[in-house]
$ cat run.pdb   # PDB, C-alpha atoms
MODEL        1
ATOM      1  CA  MET C   1      21.021 -45.336 122.463
ATOM      2  CA  PRO C   2      17.437 -45.052 123.806
ATOM      3  CA  ASP C   3      14.537 -46.626 122.020
ATOM      4  CA  THR C   4      13.180 -43.820 119.882
ATOM      5  CA  GLU C   5       9.582 -44.924 120.153
ATOM      6  CA  THR C   6       9.413 -45.345 123.979
ATOM      7  CA  GLY C   7      12.473 -43.507 125.291
ATOM      8  CA  ALA C   8      13.557 -46.647 127.235
ATOM      9  CA  PRO C   9      17.265 -47.453 127.680
ATOM     10  CA  PRO C  10      18.776 -50.043 125.334
ATOM     11  CA  ARG C  11      17.994 -53.673 126.091
ATOM     12  CA  ALA C  12      21.659 -54.494 126.849
ATOM     13  CA  ARG C  13      21.727 -51.879 129.632
ATOM     14  CA  LEU C  14      18.558 -53.308 131.149
ATOM     15  CA  VAL C  15      20.035 -56.818 131.149
ATOM     16  CA  VAL C  16      23.288 -55.591 132.762
ATOM     17  CA  ALA C  17      21.341 -53.631 135.382
ATOM     18  CA  ALA C  18      19.152 -56.657 136.196
ATOM     19  CA  VAL C  19      22.204 -58.910 136.535
ATOM     20  CA  LEU C  20      23.892 -56.391 138.837
ATOM     21  CA  VAL C  21      20.784 -56.211 141.043
ATOM     22  CA  VAL C  22      20.673 -60.020 141.320
ATOM     23  CA  VAL C  23      24.408 -60.241 142.092
ATOM     24  CA  LEU C  24      24.137 -57.495 144.710
ATOM     25  CA  ALA C  25      21.121 -59.142 146.367
ATOM     26  CA  ALA C  26      22.893 -62.522 146.429
ATOM     27  CA  GLY C  27      25.993 -60.893 147.925
ATOM     28  CA  VAL C  28      24.002 -59.208 150.671
ATOM     29  CA  ALA C  29      22.239 -62.505 151.459
ATOM     30  CA  VAL C  30      25.529 -64.431 151.639
ATOM     31  CA  ILE C  31      27.147 -61.801 153.871
ATOM     32  CA  GLY C  32      24.101 -61.828 156.142
ATOM     33  CA  LEU C  33      24.216 -65.610 156.464
ATOM     34  CA  MET C  34      27.942 -65.577 157.144
ATOM     35  CA  MET C  35      27.589 -62.932 159.842
ATOM     36  CA  ARG C  36      24.689 -64.749 161.463
ATOM     37  CA  ASP C  37      26.544 -68.081 161.428
ATOM     38  CA  SER C  38      29.776 -66.628 162.750
ATOM     39  CA  GLY C  39      27.828 -64.821 165.462
ATOM     40  CA  ASP C  40      26.191 -67.959 166.847
ATOM     41  CA  GLY C  41      27.516 -68.152 170.345
ATOM     42  CA  ASP C  42      30.288 -65.584 169.797
ATOM     43  CA  GLY C  43      28.387 -62.793 171.510
ATOM     44  CA  PRO C  44      27.079 -62.702 175.041
ATOM     45  CA  LEU C  45      24.411 -65.261 175.931
ATOM     46  CA  ALA C  46      21.046 -63.648 176.649
ATOM     47  CA  LEU C  47      19.202 -65.258 179.555
ATOM     48  CA  VAL C  48      15.757 -64.547 180.912
ATOM     49  CA  PRO C  49      15.556 -63.766 184.612
ATOM     50  CA  VAL C  50      14.164 -66.448 186.908
ATOM     51  CA  ASP C  51      13.025 -66.327 190.520
ATOM     52  CA  ALA C  52      16.113 -66.913 192.647
ATOM     53  CA  PRO C  53      15.352 -65.967 196.268
ATOM     54  CA  GLN C  54      18.722 -67.205 197.583
ATOM     55  CA  VAL C  55      20.916 -65.818 194.786
ATOM     56  CA  GLY C  56      22.779 -63.579 197.234
ATOM     57  CA  SER C  57      23.441 -66.362 199.748
ATOM     58  CA  ALA C  58      26.848 -67.253 201.162
ATOM     59  CA  GLU C  59      26.501 -70.688 199.552
ATOM     60  CA  CYS C  60      26.147 -69.222 196.037
ATOM     61  CA  ALA C  61      29.032 -66.845 196.766
ATOM     62  CA  GLN C  62      31.092 -69.920 197.683
ATOM     63  CA  LEU C  63      29.985 -72.135 194.772
ATOM     64  CA  ILE C  64      30.239 -69.745 191.796
ATOM     65  CA  PRO C  65      34.004 -69.034 192.062
ATOM     66  CA  ALA C  66      34.687 -72.740 192.634
ATOM     67  CA  LEU C  67      33.114 -73.731 189.306
ATOM     68  CA  PRO C  68      35.496 -74.917 186.574
ATOM     69  CA  ALA C  69      36.605 -72.566 183.786
ATOM     70  CA  GLN C  70      35.683 -75.245 181.256
ATOM     71  CA  LEU C  71      33.473 -78.307 181.099
ATOM     72  CA  ASP C  72      34.199 -81.460 179.130
ATOM     73  CA  SER C  73      31.408 -82.573 176.829
ATOM     74  CA  LYS C  74      31.954 -85.699 174.736
ATOM     75  CA  GLY C  75      35.649 -84.921 174.316
ATOM     76  CA  THR C  76      35.122 -81.210 173.634
ATOM     77  CA  ALA C  77      36.239 -78.528 176.073
ATOM     78  CA  LEU C  78      33.448 -75.988 176.612
ATOM     79  CA  GLN C  79      34.812 -72.620 177.758
ATOM     80  CA  ARG C  80      32.926 -70.212 179.991
ATOM     81  CA  ARG C  81      30.676 -67.922 178.034
ATOM     82  CA  THR C  82      29.907 -64.272 178.672
ATOM     83  CA  ILE C  83      26.332 -63.599 179.769
ATOM     84  CA  ALA C  84      24.570 -60.536 178.331
ATOM     85  CA  GLU C  85      23.791 -57.625 180.620
ATOM     86  CA  PRO C  86      21.873 -57.426 182.766
ATOM     87  CA  ALA C  87      23.424 -60.762 183.706
ATOM     88  CA  PRO C  88      21.539 -62.731 186.350
ATOM     89  CA  GLU C  89      23.517 -62.947 189.576
ATOM     90  CA  ALA C  90      25.098 -66.323 190.476
ATOM     91  CA  THR C  91      24.739 -67.623 186.912
ATOM     92  CA  VAL C  92      27.469 -69.192 184.771
ATOM     93  CA  ALA C  93      27.375 -70.537 181.202
ATOM     94  CA  TRP C  94      29.733 -72.682 179.149
ATOM     95  CA  GLY C  95      29.952 -73.434 175.416
ATOM     96  CA  SER C  96      28.277 -72.272 172.246
ATOM     97  CA  PRO C  97      26.157 -72.315 170.223
ATOM     98  CA  GLU C  98      24.321 -74.642 172.629
ATOM     99  CA  SER C  99      25.225 -73.537 176.124
ATOM    100  CA  ILE C 100      25.204 -75.243 179.483
ATOM    101  CA  VAL C 101      23.833 -72.871 182.129
ATOM    102  CA  LEU C 102      24.157 -73.097 185.914
ATOM    103  CA  ARG C 103      22.013 -70.931 188.199
ATOM    104  CA  CYS C 104      22.437 -70.853 191.954
ATOM    105  CA  GLY C 105      19.940 -69.786 194.614
ATOM    106  CA  LEU C 106      16.705 -70.809 192.915
ATOM    107  CA  GLY C 107      13.472 -71.579 194.708
ATOM    108  CA  LYS C 108      12.419 -75.190 195.322
ATOM    109  CA  PRO C 109      11.579 -76.848 192.011
ATOM    110  CA  PRO C 110       7.833 -77.622 191.883
ATOM    111  CA  GLU C 111       8.661 -81.091 190.507
ATOM    112  CA  LEU C 112      10.370 -82.032 193.796
ATOM    113  CA  THR C 113       7.992 -84.255 195.765
ATOM    114  CA  PRO C 114       8.487 -87.142 198.202
ATOM    115  CA  THR C 115       8.021 -89.537 195.258
ATOM    116  CA  SER C 116      10.418 -87.797 192.842
ATOM    117  CA  GLN C 117      12.961 -90.034 191.147
ATOM    118  CA  LEU C 118      16.345 -88.586 192.102
ATOM    119  CA  ARG C 119      19.756 -89.441 190.669
ATOM    120  CA  VAL C 120      22.920 -89.442 192.745
ATOM    121  CA  VAL C 121      26.152 -88.319 191.070
ATOM    122  CA  SER C 122      29.317 -88.077 193.198
ATOM    123  CA  GLY C 123      27.190 -88.005 196.344
ATOM    124  CA  VAL C 124      25.002 -85.140 195.101
ATOM    125  CA  GLN C 125      21.252 -85.729 194.696
ATOM    126  CA  TRP C 126      19.822 -84.340 191.447
ATOM    127  CA  LEU C 127      16.237 -84.010 190.249
ATOM    128  CA  PRO C 128      16.202 -84.308 186.436
ATOM    129  CA  VAL C 129      13.472 -82.421 184.580
ATOM    130  CA  GLU C 130      13.289 -83.172 180.865
ATOM    131  CA  GLY C 131      12.561 -80.414 178.389
ATOM    132  CA  PRO C 132      12.517 -80.058 174.606
ATOM    133  CA  GLY C 133      16.142 -80.319 173.461
ATOM    134  CA  SER C 134      17.594 -80.037 176.961
ATOM    135  CA  SER C 135      17.230 -81.167 180.549
ATOM    136  CA  THR C 136      17.465 -79.160 183.731
ATOM    137  CA  TRP C 137      19.020 -80.936 186.682
ATOM    138  CA  TYR C 138      18.338 -79.508 190.150
ATOM    139  CA  VAL C 139      20.661 -80.060 193.116
ATOM    140  CA  VAL C 140      18.167 -80.798 195.897
ATOM    141  CA  ASP C 141      20.277 -81.852 198.869
ATOM    142  CA  ARG C 142      22.337 -78.704 199.575
ATOM    143  CA  PRO C 143      21.515 -75.492 201.488
ATOM    144  CA  VAL C 144      20.567 -73.771 198.185
ATOM    145  CA  TYR C 145      18.925 -75.116 195.056
ATOM    146  CA  VAL C 146      21.160 -75.131 191.996
ATOM    147  CA  ALA C 147      19.938 -75.741 188.442
ATOM    148  CA  LEU C 148      22.102 -77.025 185.595
ATOM    149  CA  THR C 149      20.480 -76.849 182.160
ATOM    150  CA  VAL C 150      22.222 -79.142 179.697
ATOM    151  CA  PRO C 151      21.476 -79.564 175.974
ATOM    152  CA  ASP C 152      20.673 -83.151 174.979
ATOM    153  CA  SER C 153      23.852 -83.159 172.856
ATOM    154  CA  ALA C 154      26.176 -82.506 175.827
ATOM    155  CA  GLY C 155      26.563 -85.962 177.358
ATOM    156  CA  THR C 156      27.174 -86.658 181.049
ATOM    157  CA  GLY C 157      30.610 -85.061 181.539
ATOM    158  CA  PRO C 158      29.327 -81.634 182.588
ATOM    159  CA  LEU C 159      26.950 -83.138 185.168
ATOM    160  CA  GLN C 160      29.823 -85.153 186.647
ATOM    161  CA  GLN C 161      32.136 -82.135 186.859
ATOM    162  CA  ILE C 162      29.496 -79.914 188.449
ATOM    163  CA  SER C 163      28.601 -82.700 190.910
ATOM    164  CA  ASP C 164      32.243 -82.937 191.975
ATOM    165  CA  THR C 165      32.381 -79.168 192.534
ATOM    166  CA  VAL C 166      29.073 -79.072 194.449
ATOM    167  CA  ALA C 167      30.129 -82.020 196.636
ATOM    168  CA  ALA C 168      33.463 -80.333 197.436
ATOM    169  CA  THR C 169      31.923 -76.893 198.073
ATOM    170  CA  LEU C 170      28.494 -77.242 199.702
ATOM    171  CA  PRO C 171      27.511 -79.504 202.628
ATOM    172  CA  ALA C 172      24.685 -81.979 202.164
ATOM    173  CA  VAL C 173      21.402 -81.243 203.942
ATOM    174  CA  PRO C 174      18.177 -83.267 204.300
ATOM    175  CA  LEU C 175      15.712 -82.969 201.408
ATOM    176  CA  ARG C 176      13.070 -80.255 201.838
ATOM    177  CA  PHE C 177       9.644 -81.005 200.426
TER
ENDMDL
END
$ encode --input "run.pdb" --output "structure tokens"
Amino acid sequence: MPDTETGAPPRARLVVAAVLVVVLAAGVAVIGLMMRDSGDGDGPLALVPVDAPQVGSAECAQLIPALPAQLDSKGTALQRRTIAEPAPEATVAWGSPESIVLRCGLGKPPELTPTSQLRVVSGVQWLPVEGPGSSTWYVVDRPVYVALTVPDSAGTGPLQQISDTVAATLPAVPLRF
């Protein structure tokens, strides 16, 4: 029965209505968090375009299909991941929510100089470039430049597997400074 002096609904109805609003808001928040968490890495990976002048080269066309369907990272198998459209050509990704991304046909990395500290893995020369939370490793001794961006949490397995594939697929060439 409404309050006769103010015309307001009874206090019990107000309390029930307030509780329902709080429960509904909490439910919406929980559902939103669950959908966001379950969506991490489940959808296509969005990548920004980068300058890749040799992306259409015969070497990239040879390397990309030779890449493994999965990479091993600290005992975990990382499956290939779909890349969102418009997907950059000659680009492959593995794993989620943190993905490993390989791009073929890039321009010469500006960090490559005659005094750069290179690392050799399975006969492939790599230029490591550290970044926040990940490193990008550039193949610098093949006819095309290839970049492999690896989260810090991934370990060395992916680099080893990609090195084996590069060594088996692309011939070594002298470094180009």
$ atom_distance --input "run.pdb" --atom1 "atom CA of C:Ile83" --atom2 "atom CA of C:Ser122"
28.1 Å
$ residues_around --input "run.pdb" --residues "stretch 65-76 of chain C" --least-positions-apart "6" --cutoff "8 Å" --atoms "all atoms listed in the file" --output "CSV table (one decimal) with C-alpha atoms, in the frame of the given file"
chain,number,residue,atom,x,y,z
C,94,TRP,CA,29.7,-72.7,179.1
C,154,ALA,CA,26.2,-82.5,175.8
C,155,GLY,CA,26.6,-86.0,177.4
C,156,THR,CA,27.2,-86.7,181.0
C,157,GLY,CA,30.6,-85.1,181.5
C,158,PRO,CA,29.3,-81.6,182.6
C,161,GLN,CA,32.1,-82.1,186.9
C,162,ILE,CA,29.5,-79.9,188.4
C,165,THR,CA,32.4,-79.2,192.5
C,169,THR,CA,31.9,-76.9,198.1
$ atom_distance --input "run.pdb" --atom1 "atom CA of C:Thr149" --atom2 "atom CA of C:Gly95"
12.1 Å
$ resolve_selection --input "run.pdb" --expression "the PyMOL selection byres ((chain C and resi 51) around 8)" --output "list in words"
Pro49, Val50, Ala52, Pro53, Leu106 and Gly107 of chain C
$ atom_distance --input "run.pdb" --atom1 "atom CA of C:Leu148" --atom2 "atom CA of C:Val129"
10.2 Å
$ resolve_selection --input "run.pdb" --expression "the PyMOL selection byres ((chain C and resi 137-147) around 8)" --output "MDAnalysis selection string"
chainID C and resid 54 59:60 101:109 124:129 135:136 148:150 170:176
$ closest_residue --input "run.pdb" --among "C:Glu85, C:Gln79, C:Ala90, C:Ile64" --to "C:Leu45" --atoms "all atoms listed in the file"
C:Glu85
$ closest_residue --input "run.pdb" --among "C:Pro86, C:Pro114, C:Gly131, C:Pro97" --to "C:Phe177" --atoms "only C-alpha atoms"
C:Pro114
$ closest_residue --input "run.pdb" --among "C:Pro110, C:Ser96, C:Arg119, C:Val48" --to "C:Ala77" --atoms "all atoms listed in the file"
C:Ser96
$ axis_aligned_box --input "run.pdb" --around "stretch 79-98 of chain C" --padding-each-side "4 Å" --output "lines of an AutoDock Vina configuration file"
center_x = 28.2
center_y = -66.0
center_z = 180.3
size_x = 21.3
size_y = 25.2
size_z = 28.3
$ closest_residue --input "run.pdb" --among "C:Leu78, C:Val120, C:Ala61, C:Ala87" --to "C:Asp164" --atoms "all atoms listed in the file"
C:Val120
$ decode --input "run.pdb" --residues "stretch 57-85 of chain C" --atoms "C-alpha atoms" --output "PDB file, in the first residue's frame"
ATOM      1  CA  SER C  57      58.455 -13.383 -53.149  1.00  0.00           C
ATOM      2  CA  ALA C  58      59.029 -16.992 -54.172  1.00  0.00           C
ATOM      3  CA  GLU C  59      60.957 -17.496 -50.927  1.00  0.00           C
ATOM      4  CA  CYS C  60      57.960 -16.513 -48.763  1.00  0.00           C
ATOM      5  CA  ALA C  61      55.708 -18.674 -50.947  1.00  0.00           C
ATOM      6  CA  GLN C  62      58.098 -21.560 -50.236  1.00  0.00           C
ATOM      7  CA  LEU C  63      58.549 -20.910 -46.497  1.00  0.00           C
ATOM      8  CA  ILE C  64      54.953 -20.292 -45.345  1.00  0.00           C
ATOM      9  CA  PRO C  65      53.532 -23.724 -46.321  1.00  0.00           C
ATOM     10  CA  ALA C  66      56.599 -25.440 -44.845  1.00  0.00           C
ATOM     11  CA  LEU C  67      55.975 -23.978 -41.380  1.00  0.00           C
ATOM     12  CA  PRO C  68      54.779 -26.403 -38.691  1.00  0.00           C
ATOM     13  CA  ALA C  69      51.089 -26.628 -37.757  1.00  0.00           C
ATOM     14  CA  GLN C  70      52.067 -26.310 -34.101  1.00  0.00           C
ATOM     15  CA  LEU C  71      54.995 -25.025 -32.086  1.00  0.00           C
ATOM     16  CA  ASP C  72      56.217 -26.456 -28.800  1.00  0.00           C
ATOM     17  CA  SER C  73      56.580 -23.930 -26.005  1.00  0.00           C
ATOM     18  CA  LYS C  74      57.760 -25.173 -22.612  1.00  0.00           C
ATOM     19  CA  GLY C  75      55.928 -28.472 -23.046  1.00  0.00           C
ATOM     20  CA  THR C  76      52.755 -26.898 -24.448  1.00  0.00           C
ATOM     21  CA  ALA C  77      51.672 -27.395 -28.050  1.00  0.00           C
ATOM     22  CA  LEU C  78      50.701 -24.056 -29.610  1.00  0.00           C
ATOM     23  CA  GLN C  79      48.300 -24.513 -32.533  1.00  0.00           C
ATOM     24  CA  ARG C  80      48.122 -22.193 -35.521  1.00  0.00           C
ATOM     25  CA  ARG C  81      45.834 -19.271 -34.919  1.00  0.00           C
ATOM     26  CA  THR C  82      43.499 -17.571 -37.364  1.00  0.00           C
ATOM     27  CA  ILE C  83      44.522 -14.032 -38.296  1.00  0.00           C
ATOM     28  CA  ALA C  84      41.777 -11.400 -38.595  1.00  0.00           C
ATOM     29  CA  GLU C  85      40.936 -10.006 -42.012  1.00  0.00           C
TER      30      GLU C  85
END
